[in-house]
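Student: This is the structure I want to talk about, given as structure tokens.
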Amino acid sequence: MRYIGVSYRTPLIVPFRHAALVGALVLSAALTAQPVPPPSAADPATTGKLESLLYHIDRMYVDDVDKQKLVDAAIVRMLEELDPHSIYIPKEELEEVNEPLKGNFEGVGIQFNIIRDTIYVVDAIPGGPSERLGIRAGDRILSIEGENAAGAGFKNSDVMKRLRGKKGTKVAVAVARKGEPAPLDFVITRDKIPIYSVEASYMASPQVGYIKVSRFSATTMKEFREKMDELKAKGMQDLILDLQGNGGGYLRTAIEMSDEFLGDRKLIVYTQGRTSAREDTYSTKEGRFEKGRLVVLVDEGSASASEIVSGAIQDWDRGLIVGRRSFGKGLVQRPVMLPDGSAVRLTVSRYYTPSGRCIQKPYDDGVEAYRGEKVARLAAGELTSADSVHLADTVKYYTMNKRVVYGGGGILPDVFVPIDTTQSSAYFGQLVRKGVLNTFALSYVDDHREELKQRYAGPDQFRQAFQVGDVMLDALEAYAAKEGIAPDAAGMDRSEALIALRLKALLARDLWDTSAYWQMINAENPVDRSFQKALEVLSDDSFQRLGMSR
């Protein structure tokens, strides 16, 4: 069944009524208890058939079977018949699935990497218990609760199992630190650890602020408003909002973010389903950035909540959308708990942008084809040429300023930015996939941290003055060879600029934070010039030419 090609339109401005979407209508939401219907509410013709089959399998089948595993497989297969976003989550996976959207987890608060059987601290999360005790990037964990952790063959899951735990519980670790003659002992009291969804924020120019949002979680708006206030205090007049690769999250968070940019009583989004009446949601009076030029960056990884924000901005001609066609997820899921503690995220409605667009892309060909559609876009040339974009829905919709926009498969940007695939190589791919770039950068910073900190006062100076030269690249190649990646002169030559940039960005991240990482990537990215294009449209006549509001 296809839910595209909707020709139904709604006016951009409709009579005001308060119709806020309730918290249960979410995009990729955390699971909370929902009432389970009594058996009498189900269709006996279907439930009876399933129960009868399980009864006979239990009593007659030739081998012993795991009935729970069988039922789980049946549920998964049933949901695949519905749509790609209705999913089953086993009880034991619920907590892990929910964590990124809740905005926190309980543990010691470090990011780590395992390099040659050594656990390196990549970062002590700001505000977490490890950072408060003085644990810092570059520390090497020697033992956990007296158990040897160095050269012990630990996997990531082993480390997480030992360090995570309930708030208030304690764990003892010993770390080695460069310059310290003996191990340092810490007793860490576990606490709630924030998971930040605003990945980066900085001033891209004296007047232009930049904020990158990686997901729409329960804490996103608090983080976003804090960063907005900080940038405005630094003189921000225009904003680049980076939603590239943002796969979505809470619907309510997307609505609140859109509200920061739109004036009073403007339709942001509406939802409607077979058993769900239409629900309209409008902007309110107060917004932190209702004036000032706005550019929203999107790409093929921007989905769901990202598309609500970019769709509302585009339909109201509030800002320019720059990049490539977004993913195309226009389905809303509601969490439902099952009796054994497992859960289902069930699609209950579709969302529509203010002009009436449903941007859900087709899923007639099954789940695998749906998930692989981004690869198909690359093969068809869509990511490298605007002329190769072919939407399934040819119905036209109109923005406030009567510009034509389309539904049926994502948000089409106002300004297309192709990706450059000529610098990619198998060698670069191996360096990334096997973590060699990351671990080499971590080791380099560990050896030169004080020297680099003294030479470069901050990310801006580092970006302008630091160069990844031949000596460092030769050292990287030698390091990669020790890690099992054979030298590839042609691959290195083809991808040298890309490798050097990624390495520089990782060094900056290890010295400062993820904002520093994105400062390096955005300024010099030879593959995707979306950020540079955003700065260009903020300095030319694009806003005036397209009739954007300020």
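Labels for the structure tokens follow display order: chains A, B, ..., residues from 1 in each chain, ligands from 1.
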Among stretch 309-439 of chain A, which ones does DSSP place in strand (DSSP E or B), written as a PyMOL selection string?

Tutor: chain A and resi 320-323+331-337+343-352+396-398+404-406+415-416+419

Student: With N, CA, C and O atoms retained, could you export that selection as a compact mmCIF listing (two decimals), in the first residue's frame?

Tutor:
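File part.txt, as written:
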```
# COMPACT_ATOMS: atom_id res chain seq x y z
N LEU A 320 16.09 29.42 3.85
CA LEU A 320 16.49 28.61 2.70
C LEU A 320 16.93 27.22 3.15
O LEU A 320 17.68 27.08 4.12
N ILE A 321 16.49 26.20 2.42
CA ILE A 321 16.92 24.83 2.65
C ILE A 321 18.04 24.54 1.66
O ILE A 321 17.85 24.67 0.45
N VAL A 322 19.19 24.13 2.19
CA VAL A 322 20.38 23.92 1.36
C VAL A 322 20.89 22.50 1.55
O VAL A 322 20.93 21.99 2.67
N GLY A 323 21.27 21.85 0.45
CA GLY A 323 21.83 20.51 0.53
C GLY A 323 21.24 19.58 -0.50
O GLY A 323 21.18 19.91 -1.69
N LEU A 331 5.87 9.18 8.51
CA LEU A 331 5.00 8.33 9.33
C LEU A 331 5.28 8.57 10.81
O LEU A 331 6.43 8.74 11.21
N VAL A 332 4.23 8.56 11.61
CA VAL A 332 4.34 8.82 13.04
C VAL A 332 4.07 7.53 13.80
O VAL A 332 3.09 6.83 13.53
N GLN A 333 4.95 7.22 14.76
CA GLN A 333 4.81 6.00 15.54
C GLN A 333 4.32 6.29 16.96
O GLN A 333 4.69 7.31 17.55
N ARG A 334 3.51 5.36 17.48
CA ARG A 334 3.09 5.44 18.87
C ARG A 334 3.65 4.21 19.59
O ARG A 334 3.57 3.09 19.08
N PRO A 335 4.26 4.42 20.77
CA PRO A 335 4.79 3.27 21.52
C PRO A 335 3.70 2.49 22.22
O PRO A 335 2.79 3.07 22.82
N VAL A 336 3.77 1.18 22.13
CA VAL A 336 2.81 0.29 22.79
C VAL A 336 3.58 -0.81 23.52
O VAL A 336 4.39 -1.52 22.92
N MET A 337 3.35 -0.93 24.82
CA MET A 337 4.00 -1.97 25.61
C MET A 337 3.21 -3.27 25.48
O MET A 337 1.98 -3.28 25.49
N ALA A 343 8.08 -4.28 23.51
CA ALA A 343 7.28 -3.16 23.01
C ALA A 343 7.28 -3.10 21.50
O ALA A 343 8.11 -3.72 20.83
N VAL A 344 6.33 -2.35 21.00
CA VAL A 344 6.20 -2.12 19.56
C VAL A 344 6.06 -0.63 19.34
O VAL A 344 5.39 0.07 20.12
N ARG A 345 6.77 -0.12 18.34
CA ARG A 345 6.49 1.22 17.87
C ARG A 345 5.62 1.07 16.62
O ARG A 345 6.08 0.63 15.58
N LEU A 346 4.36 1.45 16.75
CA LEU A 346 3.36 1.19 15.71
C LEU A 346 3.01 2.49 14.99
O LEU A 346 2.67 3.49 15.63
N THR A 347 3.07 2.46 13.67
CA THR A 347 2.70 3.63 12.89
C THR A 347 1.20 3.87 13.01
O THR A 347 0.39 2.98 12.74
N VAL A 348 0.83 5.09 13.42
CA VAL A 348 -0.58 5.40 13.66
C VAL A 348 -1.10 6.52 12.77
O VAL A 348 -2.31 6.68 12.62
N SER A 349 -0.21 7.31 12.18
CA SER A 349 -0.67 8.41 11.34
C SER A 349 0.46 8.89 10.44
O SER A 349 1.59 8.43 10.55
N ARG A 350 0.12 9.81 9.55
CA ARG A 350 1.11 10.47 8.71
C ARG A 350 1.16 11.94 9.11
O ARG A 350 0.15 12.49 9.57
N TYR A 351 2.31 12.55 8.92
CA TYR A 351 2.36 13.99 9.17
C TYR A 351 2.43 14.72 7.84
O TYR A 351 2.90 14.19 6.83
N TYR A 352 1.97 15.95 7.86
CA TYR A 352 1.90 16.78 6.66
C TYR A 352 2.49 18.16 6.97
O TYR A 352 2.29 18.71 8.06
N LYS A 396 1.81 19.45 -7.27
CA LYS A 396 2.45 20.68 -6.84
C LYS A 396 1.77 21.26 -5.60
O LYS A 396 0.55 21.20 -5.46
N TYR A 397 2.59 21.82 -4.73
CA TYR A 397 2.11 22.55 -3.57
C TYR A 397 2.79 23.91 -3.61
O TYR A 397 3.75 24.13 -4.35
N TYR A 398 2.28 24.83 -2.79
CA TYR A 398 2.78 26.20 -2.89
C TYR A 398 3.13 26.75 -1.51
O TYR A 398 2.39 26.56 -0.54
N VAL A 404 6.76 26.84 -5.89
CA VAL A 404 6.31 25.45 -6.03
C VAL A 404 7.21 24.53 -5.22
O VAL A 404 8.45 24.63 -5.28
N VAL A 405 6.61 23.62 -4.44
CA VAL A 405 7.32 22.57 -3.71
C VAL A 405 6.59 21.26 -3.97
O VAL A 405 5.45 21.24 -4.42
N TYR A 406 7.27 20.14 -3.66
CA TYR A 406 6.70 18.84 -3.97
C TYR A 406 6.70 17.94 -2.74
O TYR A 406 7.50 18.09 -1.82
N VAL A 415 18.34 25.13 -2.56
CA VAL A 415 19.66 25.23 -3.20
C VAL A 415 20.31 23.85 -3.12
O VAL A 415 20.62 23.36 -2.03
N PHE A 416 20.54 23.23 -4.25
CA PHE A 416 21.11 21.89 -4.31
C PHE A 416 22.63 21.95 -4.19
O PHE A 416 23.28 22.80 -4.81
N ILE A 419 27.50 16.08 -3.86
CA ILE A 419 28.68 15.55 -3.18
C ILE A 419 29.72 15.19 -4.25
O ILE A 419 29.37 14.85 -5.37
```

Student: Given only C-alpha atoms as the basis, pick out the residue of A:Leu142, A:Ile195, A:Val121, A:Ala73 nearest to A:Glu106.

Tutor: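 Ranking A:Leu142, A:Ile195, A:Val121, A:Ala73 by distance to A:Glu106, first place goes to A:Ile195.
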
Student: Extract, using only C-alpha atoms, all DNA, RNA and protein residues at most 12 Å from A:Gly372, discarding same-chain residues fewer than 6 positions from it, and format them as a list in words.

Tutor: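 Counting only the stated atoms, we get Pro84, Glu300, Gly301, Phe327, Tyr363, Asp365, Gly366, Leu378 and Ala379 of chain A.
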
Student: Write a file of the just-selected residues containing N, CA, C and O atoms, as a compact mmCIF listing (two decimals), in the first residue's frame.

Tutor:
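Saved the output as again-v3.txt:
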```txt
# COMPACT_ATOMS: atom_id res chain seq x y z
N PRO A 84 7.97 0.22 6.98
CA PRO A 84 9.35 0.07 7.45
C PRO A 84 9.62 0.64 8.84
O PRO A 84 10.69 0.40 9.40
N GLU A 300 20.50 13.40 2.55
CA GLU A 300 19.76 12.14 2.44
C GLU A 300 19.61 11.42 3.77
O GLU A 300 18.82 10.49 3.88
N GLY A 301 20.33 11.84 4.81
CA GLY A 301 20.19 11.25 6.13
C GLY A 301 19.30 12.04 7.06
O GLY A 301 19.07 11.64 8.20
N PHE A 327 15.50 12.34 3.57
CA PHE A 327 15.23 10.90 3.54
C PHE A 327 13.82 10.56 3.05
O PHE A 327 13.62 9.69 2.22
N TYR A 363 7.29 2.69 -0.18
CA TYR A 363 7.91 1.50 0.42
C TYR A 363 7.25 0.21 -0.08
O TYR A 363 7.20 -0.79 0.60
N ASP A 365 8.33 -1.82 -2.29
CA ASP A 365 9.26 -2.90 -2.64
C ASP A 365 9.86 -3.61 -1.44
O ASP A 365 10.80 -4.39 -1.58
N GLY A 366 9.38 -3.32 -0.24
CA GLY A 366 9.85 -4.04 0.94
C GLY A 366 10.86 -3.25 1.75
O GLY A 366 11.40 -2.23 1.32
N LEU A 378 22.46 7.34 -4.99
CA LEU A 378 23.83 7.57 -5.44
C LEU A 378 24.05 6.94 -6.81
O LEU A 378 24.64 7.56 -7.70
N ALA A 379 23.57 5.71 -6.97
CA ALA A 379 23.75 5.01 -8.24
C ALA A 379 23.03 5.72 -9.38
O ALA A 379 23.50 5.71 -10.53
```

Student: Mind pulling up the distance from atom CA of A:Glu147 to atom CA of A:Tyr444?

Tutor: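 That distance, rounded to one decimal, is 27.8 Å.
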